[in-house]
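Visitor: Handing you a structure now.
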Amino acid sequence: MKYEEIKTDGYLSNFVKCFWTSETLTKSSEHTILPDGYFDLIVEIRNKKISSVKLTGIWTIPIDIQTETHTEIFAVRFKPLAIELLENINLKSLLNSSIYLGTDFIGIDNLAFDNFKDFCKHIENHLQCQIEKTKPVNYLKIRLFNEIFKREIFNVLELSEKVFWTSRQINRYFNLTFGLSLKEYLNIIRCNQTYKDISNNRPVLQGNYFDQSHFIKEIKKITGVTPTELKKNENDRFLQLSTIKAF
């Protein structure tokens with residue numbers, strides 16, 4: 001499988017982690033997607049034509065997927081705050097699930113799917129238009145996610161004090177908008193932070209866990225397997241660990 005990422009910067013990076021593309025050539029592939037705190041718009045392409053358009057929710061459990069041969073994917077990995085820019089999408093209802101959208105979603109059916117960068121530019125332009133026409137995104141929300149993605153604070157109370165937003169209000173916002181509590185989300189982000197060290201065979205910094213036992217228990221709770229099994233990553237089962245080395 002071929003894989004490539006293009007990261008975003010500036011104000012748009014509050015809403016998009018990256019654009020990514022993959023291609024399955026000689027044989028179908030089976031992978032397990034681990035929870036990472038993001039949600040994705042996935043466009044499957046066969047013979048340079050759209051086969052399907054799918055929007056996932058945020059995963060709190062590992063999900064097994066299969067991709068058929070000769071399938072190319074153009075995709076956007078959204079940060080949760082992107083839901084502010086996507087009209088008529090209820091992200092809470094998509095927790096641990098996905099929906100198929102029309103191939104004309106945000107005009108992508110007008111694209112020629114032979115250039116990944118053209119796809120990225122089209123999505124960027126659409127999101128910039130949404131940013132301009134919608135009311136300004138609440139600064140507290142932007143500040144909250146900026147702190148979350150620094151991956152330095154994993155305690156709800158500490159985080160609420162850092163952003164000057166009560167933990168009760170934040171949890172209400174998370175539950176109503178995303179379908180999970182801030183604590184659950186922070187546990188996913190904390191777990192996700194370990195993937196790079198695990199995939200690169202480096203000792204994992206466990207300062208954010210009480211001890212080795214707690215570390216193993218929490219990783220298994222979110223990924224379904226132990227850190228040792230993640231490290232082995234037999235047959236490139238865990239997609240994030242297979243692709244993270246280059247990024």
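To be explicit about the labels: the chains of the structure tokens are called A, B, and onward in the order shown, and within each one the residues are counted from 1, while ligands get numbers from 1 in the order they are shown.
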Considering only C-alpha atoms, return as a PyMOL selection string whatever protein or nucleic-acid residues lie within 9 Å of Asn90 of chain A, sequence-local ones (same chain, fewer than 6 positions apart) excluded.
Guide: chain A and resi 83+177-178
Visitor: Atoms to include: N, CA, C and O atoms. Write the selected residues as a short mmCIF file (atom, residue, chain, number, x, y, z; two decimals), in the first residue's frame.
Guide:
```cif
data_model
loop_
_atom_site.label_atom_id
_atom_site.label_comp_id
_atom_site.auth_asym_id
_atom_site.auth_seq_id
_atom_site.Cartn_x
_atom_site.Cartn_y
_atom_site.Cartn_z
N ILE A 83 -16.36 20.28 12.62
CA ILE A 83 -17.81 20.10 12.53
C ILE A 83 -18.51 21.46 12.45
O ILE A 83 -19.63 21.56 11.95
N THR A 177 -21.92 17.49 21.37
CA THR A 177 -21.39 17.66 20.01
C THR A 177 -20.74 16.41 19.47
O THR A 177 -20.91 16.07 18.29
N PHE A 178 -20.01 15.68 20.32
CA PHE A 178 -19.22 14.55 19.85
C PHE A 178 -19.67 13.19 20.37
O PHE A 178 -19.25 12.16 19.87
#
```
Visitor: Distance table requested - segment 163-199 of chain A against segment 141-149 of chain A, cut-off 10 Å, only C-alpha atoms: one row per qualifying residue with the closest atom pair and its distance in Å to one decimal, ordered by chain and rising residue number, as JSON lines.
Guide:
```
{"residue": "A:Val163", "atom": "CA", "partner": "A:Leu144", "partner_atom": "CA", "distance": 6.0}
{"residue": "A:Phe164", "atom": "CA", "partner": "A:Leu144", "partner_atom": "CA", "distance": 9.1}
{"residue": "A:Trp165", "atom": "CA", "partner": "A:Leu144", "partner_atom": "CA", "distance": 8.5}
{"residue": "A:Ile170", "atom": "CA", "partner": "A:Leu144", "partner_atom": "CA", "distance": 8.9}
{"residue": "A:Tyr173", "atom": "CA", "partner": "A:Lys141", "partner_atom": "CA", "distance": 9.4}
{"residue": "A:Leu182", "atom": "CA", "partner": "A:Ile148", "partner_atom": "CA", "distance": 9.9}
{"residue": "A:Tyr185", "atom": "CA", "partner": "A:Ile148", "partner_atom": "CA", "distance": 9.3}
{"residue": "A:Leu186", "atom": "CA", "partner": "A:Ile148", "partner_atom": "CA", "distance": 7.4}
{"residue": "A:Ile189", "atom": "CA", "partner": "A:Phe149", "partner_atom": "CA", "distance": 7.8}
{"residue": "A:Arg190", "atom": "CA", "partner": "A:Ile148", "partner_atom": "CA", "distance": 9.6}
{"residue": "A:Gln193", "atom": "CA", "partner": "A:Phe149", "partner_atom": "CA", "distance": 9.7}
```
Visitor: Please identify all polymer residues within 12 Å of Thr69 of chain A, counting only C-alpha atoms, omitting same-chain residues fewer than 4 positions from it, and present them as a ChimeraX atom specification.
Guide: /A:1,22-30,44-47,73
Visitor: Using only C-alpha atoms, which protein or nucleic acid residues come within 9 Å of Asn14 of chain A? Drop anything in the same chain fewer than 3 positions from it, and give the result as a count of residues only.
Guide: 10
Visitor: Would you kindly return, as a VMD selection string, each protein, DNA or RNA residue with an atom no farther than 9 Å from any atom of segment 224-239 of chain A, considering only C-alpha atoms and excluding same-chain residues fewer than 4 positions away?
Guide: chain A and resid 30 to 34 61 to 62 195 198 to 201 215 to 217 219 to 220 243 to 244
Visitor: Would you put the residues from that selection into a file with N, CA, C and O atoms, as a PDB file, in the first residue's frame?
Guide:
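Contents of result-v2.pdb, as written:
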```
ATOM      1  N   GLU A  30      -6.299  -5.546   4.552  1.00  0.00           N
ATOM      2  CA  GLU A  30      -7.105  -5.532   5.767  1.00  0.00           C
ATOM      3  C   GLU A  30      -6.308  -4.848   6.874  1.00  0.00           C
ATOM      4  O   GLU A  30      -5.139  -5.172   7.088  1.00  0.00           O
ATOM      5  N   HIS A  31      -6.941  -3.904   7.534  1.00  0.00           N
ATOM      6  CA  HIS A  31      -6.259  -3.146   8.577  1.00  0.00           C
ATOM      7  C   HIS A  31      -7.191  -2.909   9.749  1.00  0.00           C
ATOM      8  O   HIS A  31      -8.417  -3.034   9.629  1.00  0.00           O
ATOM      9  N   THR A  32      -6.593  -2.539  10.868  1.00  0.00           N
ATOM     10  CA  THR A  32      -7.350  -2.107  12.040  1.00  0.00           C
ATOM     11  C   THR A  32      -7.044  -0.625  12.267  1.00  0.00           C
ATOM     12  O   THR A  32      -5.879  -0.242  12.378  1.00  0.00           O
ATOM     13  N   ILE A  33      -8.089   0.177  12.284  1.00  0.00           N
ATOM     14  CA  ILE A  33      -7.940   1.602  12.559  1.00  0.00           C
ATOM     15  C   ILE A  33      -8.061   1.815  14.065  1.00  0.00           C
ATOM     16  O   ILE A  33      -9.054   1.429  14.686  1.00  0.00           O
ATOM     17  N   LEU A  34      -7.048   2.434  14.652  1.00  0.00           N
ATOM     18  CA  LEU A  34      -7.051   2.686  16.091  1.00  0.00           C
ATOM     19  C   LEU A  34      -7.647   4.062  16.386  1.00  0.00           C
ATOM     20  O   LEU A  34      -7.521   4.985  15.576  1.00  0.00           O
ATOM     21  N   ILE A  61     -13.156   2.950  19.734  1.00  0.00           N
ATOM     22  CA  ILE A  61     -12.802   1.531  19.725  1.00  0.00           C
ATOM     23  C   ILE A  61     -12.073   1.231  18.424  1.00  0.00           C
ATOM     24  O   ILE A  61     -12.238   1.955  17.427  1.00  0.00           O
ATOM     25  N   PRO A  62     -11.247   0.177  18.362  1.00  0.00           N
ATOM     26  CA  PRO A  62     -10.592  -0.183  17.100  1.00  0.00           C
ATOM     27  C   PRO A  62     -11.614  -0.684  16.082  1.00  0.00           C
ATOM     28  O   PRO A  62     -12.571  -1.373  16.444  1.00  0.00           O
ATOM     29  N   TYR A 195       1.818   6.004  20.026  1.00  0.00           N
ATOM     30  CA  TYR A 195       1.946   5.195  18.810  1.00  0.00           C
ATOM     31  C   TYR A 195       3.293   5.378  18.116  1.00  0.00           C
ATOM     32  O   TYR A 195       3.875   4.428  17.607  1.00  0.00           O
ATOM     33  N   ILE A 198       6.035   3.550  19.967  1.00  0.00           N
ATOM     34  CA  ILE A 198       5.821   2.111  19.827  1.00  0.00           C
ATOM     35  C   ILE A 198       6.222   1.647  18.427  1.00  0.00           C
ATOM     36  O   ILE A 198       6.925   0.651  18.258  1.00  0.00           O
ATOM     37  N   SER A 199       5.794   2.377  17.405  1.00  0.00           N
ATOM     38  CA  SER A 199       6.060   1.953  16.023  1.00  0.00           C
ATOM     39  C   SER A 199       7.527   2.047  15.662  1.00  0.00           C
ATOM     40  O   SER A 199       8.017   1.302  14.813  1.00  0.00           O
ATOM     41  N   ASN A 200       8.247   2.966  16.319  1.00  0.00           N
ATOM     42  CA  ASN A 200       9.667   3.136  16.026  1.00  0.00           C
ATOM     43  C   ASN A 200      10.576   2.389  16.996  1.00  0.00           C
ATOM     44  O   ASN A 200      11.770   2.639  17.067  1.00  0.00           O
ATOM     45  N   ASN A 201       9.974   1.482  17.772  1.00  0.00           N
ATOM     46  CA  ASN A 201      10.767   0.620  18.652  1.00  0.00           C
ATOM     47  C   ASN A 201      11.502   1.392  19.736  1.00  0.00           C
ATOM     48  O   ASN A 201      12.566   0.976  20.191  1.00  0.00           O
ATOM     49  N   PHE A 215      -0.237   1.766  32.305  1.00  0.00           N
ATOM     50  CA  PHE A 215       0.065   2.027  30.892  1.00  0.00           C
ATOM     51  C   PHE A 215      -0.472   0.902  30.001  1.00  0.00           C
ATOM     52  O   PHE A 215      -1.194   1.140  29.031  1.00  0.00           O
ATOM     53  N   ILE A 216      -0.158  -0.332  30.352  1.00  0.00           N
ATOM     54  CA  ILE A 216      -0.601  -1.486  29.551  1.00  0.00           C
ATOM     55  C   ILE A 216      -2.126  -1.581  29.549  1.00  0.00           C
ATOM     56  O   ILE A 216      -2.757  -1.806  28.513  1.00  0.00           O
ATOM     57  N   LYS A 217      -2.722  -1.394  30.732  1.00  0.00           N
ATOM     58  CA  LYS A 217      -4.176  -1.497  30.863  1.00  0.00           C
ATOM     59  C   LYS A 217      -4.889  -0.459  30.001  1.00  0.00           C
ATOM     60  O   LYS A 217      -5.871  -0.770  29.298  1.00  0.00           O
ATOM     61  N   ILE A 219      -3.694   1.261  27.345  1.00  0.00           N
ATOM     62  CA  ILE A 219      -3.457   1.040  25.919  1.00  0.00           C
ATOM     63  C   ILE A 219      -4.370  -0.073  25.406  1.00  0.00           C
ATOM     64  O   ILE A 219      -4.991   0.045  24.339  1.00  0.00           O
ATOM     65  N   LYS A 220      -4.474  -1.156  26.164  1.00  0.00           N
ATOM     66  CA  LYS A 220      -5.319  -2.273  25.746  1.00  0.00           C
ATOM     67  C   LYS A 220      -6.798  -1.873  25.749  1.00  0.00           C
ATOM     68  O   LYS A 220      -7.578  -2.322  24.881  1.00  0.00           O
ATOM     69  N   THR A 243       2.000   3.701   9.028  1.00  0.00           N
ATOM     70  CA  THR A 243       2.229   4.946   8.269  1.00  0.00           C
ATOM     71  C   THR A 243       2.918   6.022   9.077  1.00  0.00           C
ATOM     72  O   THR A 243       3.475   6.962   8.505  1.00  0.00           O
ATOM     73  N   ILE A 244       2.915   5.915  10.385  1.00  0.00           N
ATOM     74  CA  ILE A 244       3.395   7.003  11.229  1.00  0.00           C
ATOM     75  C   ILE A 244       4.905   7.190  11.160  1.00  0.00           C
ATOM     76  O   ILE A 244       5.421   8.269  11.410  1.00  0.00           O
TER      77      ILE A 244
END
```
Visitor: Hey, what does DSSP flag as alpha helix (DSSP H) within segment 165-230 of chain A? Can you give it to me as a VMD selection string?
Guide: chain A and resid 167 to 177 182 to 193 195 to 199 212 to 223 227 to 230
Visitor: Please produce a file of the residues just selected, as a PDB file, in the first residue's frame, where the atoms kept are C-alpha atoms.
Guide:
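Produced file result_0.pdb, reproduced below:
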```
ATOM      1  CA  SER A 167     -15.081  21.390  33.228  1.00  0.00           C
ATOM      2  CA  ARG A 168     -18.875  21.099  33.469  1.00  0.00           C
ATOM      3  CA  GLN A 169     -19.358  23.322  30.419  1.00  0.00           C
ATOM      4  CA  ILE A 170     -16.633  21.540  28.449  1.00  0.00           C
ATOM      5  CA  ASN A 171     -18.097  18.116  29.194  1.00  0.00           C
ATOM      6  CA  ARG A 172     -21.554  19.320  28.185  1.00  0.00           C
ATOM      7  CA  TYR A 173     -20.100  20.617  24.913  1.00  0.00           C
ATOM      8  CA  PHE A 174     -18.267  17.335  24.252  1.00  0.00           C
ATOM      9  CA  ASN A 175     -21.217  15.096  25.051  1.00  0.00           C
ATOM     10  CA  LEU A 176     -23.702  17.142  23.012  1.00  0.00           C
ATOM     11  CA  THR A 177     -21.389  17.665  20.015  1.00  0.00           C
ATOM     12  CA  LEU A 182     -13.689  15.143  27.616  1.00  0.00           C
ATOM     13  CA  LYS A 183     -12.053  12.520  29.861  1.00  0.00           C
ATOM     14  CA  GLU A 184     -12.688   9.774  27.281  1.00  0.00           C
ATOM     15  CA  TYR A 185     -11.326  11.999  24.540  1.00  0.00           C
ATOM     16  CA  LEU A 186      -8.177  12.888  26.499  1.00  0.00           C
ATOM     17  CA  ASN A 187      -7.537   9.177  27.134  1.00  0.00           C
ATOM     18  CA  ILE A 188      -7.637   8.596  23.364  1.00  0.00           C
ATOM     19  CA  ILE A 189      -5.218  11.474  22.723  1.00  0.00           C
ATOM     20  CA  ARG A 190      -2.886  10.234  25.472  1.00  0.00           C
ATOM     21  CA  CYS A 191      -2.917   6.725  23.986  1.00  0.00           C
ATOM     22  CA  ASN A 192      -2.394   8.092  20.478  1.00  0.00           C
ATOM     23  CA  GLN A 193       0.682   9.936  21.691  1.00  0.00           C
ATOM     24  CA  TYR A 195       1.946   5.195  18.810  1.00  0.00           C
ATOM     25  CA  LYS A 196       5.015   6.874  17.356  1.00  0.00           C
ATOM     26  CA  ASP A 197       7.388   5.567  20.012  1.00  0.00           C
ATOM     27  CA  ILE A 198       5.821   2.111  19.827  1.00  0.00           C
ATOM     28  CA  SER A 199       6.060   1.953  16.023  1.00  0.00           C
ATOM     29  CA  GLN A 212       3.718   0.169  33.728  1.00  0.00           C
ATOM     30  CA  SER A 213       0.589  -1.745  34.708  1.00  0.00           C
ATOM     31  CA  HIS A 214      -1.613   1.303  34.231  1.00  0.00           C
ATOM     32  CA  PHE A 215       0.065   2.027  30.892  1.00  0.00           C
ATOM     33  CA  ILE A 216      -0.601  -1.486  29.551  1.00  0.00           C
ATOM     34  CA  LYS A 217      -4.176  -1.497  30.863  1.00  0.00           C
ATOM     35  CA  GLU A 218      -5.052   1.868  29.274  1.00  0.00           C
ATOM     36  CA  ILE A 219      -3.457   1.040  25.919  1.00  0.00           C
ATOM     37  CA  LYS A 220      -5.319  -2.273  25.746  1.00  0.00           C
ATOM     38  CA  LYS A 221      -8.573  -0.591  26.776  1.00  0.00           C
ATOM     39  CA  ILE A 222      -8.437   1.740  23.760  1.00  0.00           C
ATOM     40  CA  THR A 223      -6.642  -0.361  21.124  1.00  0.00           C
ATOM     41  CA  PRO A 227       1.683  -2.385  23.635  1.00  0.00           C
ATOM     42  CA  THR A 228       3.767  -5.472  22.755  1.00  0.00           C
ATOM     43  CA  GLU A 229       1.205  -6.584  20.175  1.00  0.00           C
ATOM     44  CA  LEU A 230       1.088  -3.067  18.760  1.00  0.00           C
TER      45      LEU A 230
END
```
Visitor: Just the residues within 12 Å of Asn125 of chain A, please, counting only C-alpha atoms, with nothing from its chain fewer than 6 positions along; format it as a ChimeraX atom specification.
Guide: /A:12,106-108,118-119,131-132
Visitor: Atom CA of Ile50 of chain A and atom CA of Thr71 of chain A, how far apart in Å?
Guide: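 Going from atom CA of Thr71 of chain A over to atom CA of Ile50 of chain A covers 10.1 Å.
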Visitor: Check the smallest atom-to-atom distance from each of A:Glu84, A:Glu5, A:Asn208, A:Asn138 to Arg151 of chain A using only C-alpha atoms, then report the winner.
Guide: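 Distance minimum relative to Arg151 of chain A lands on A:Asn208.
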Visitor: Using only C-alpha atoms, can you tell me which of A:Asp114, A:Lys7, A:Leu101, A:Asn96 comes closest to Lys54 of chain A?
Guide: A:Leu101
Visitor: Out of A:Thr194, A:Asn110, A:Gln128, A:Asn88, which residue has the shortest atom-to-atom distance to Ser13 of chain A when counting only C-alpha atoms?
Guide: A:Gln128
Visitor: I want to know what sits within 10 Å of segment 97-100 of chain A, based on only C-alpha atoms, with residues of the same chain fewer than 6 positions away left out; could you give that as a list in words?
Guide: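 After dropping sequence-adjacent residues, the list is Phe39, Asp40, Leu41, Ile42, Val43, Ser52, Val53, Lys54, Leu55, Thr56, Gly57, Ile58, Trp59, Ile63 and Leu91 of chain A.
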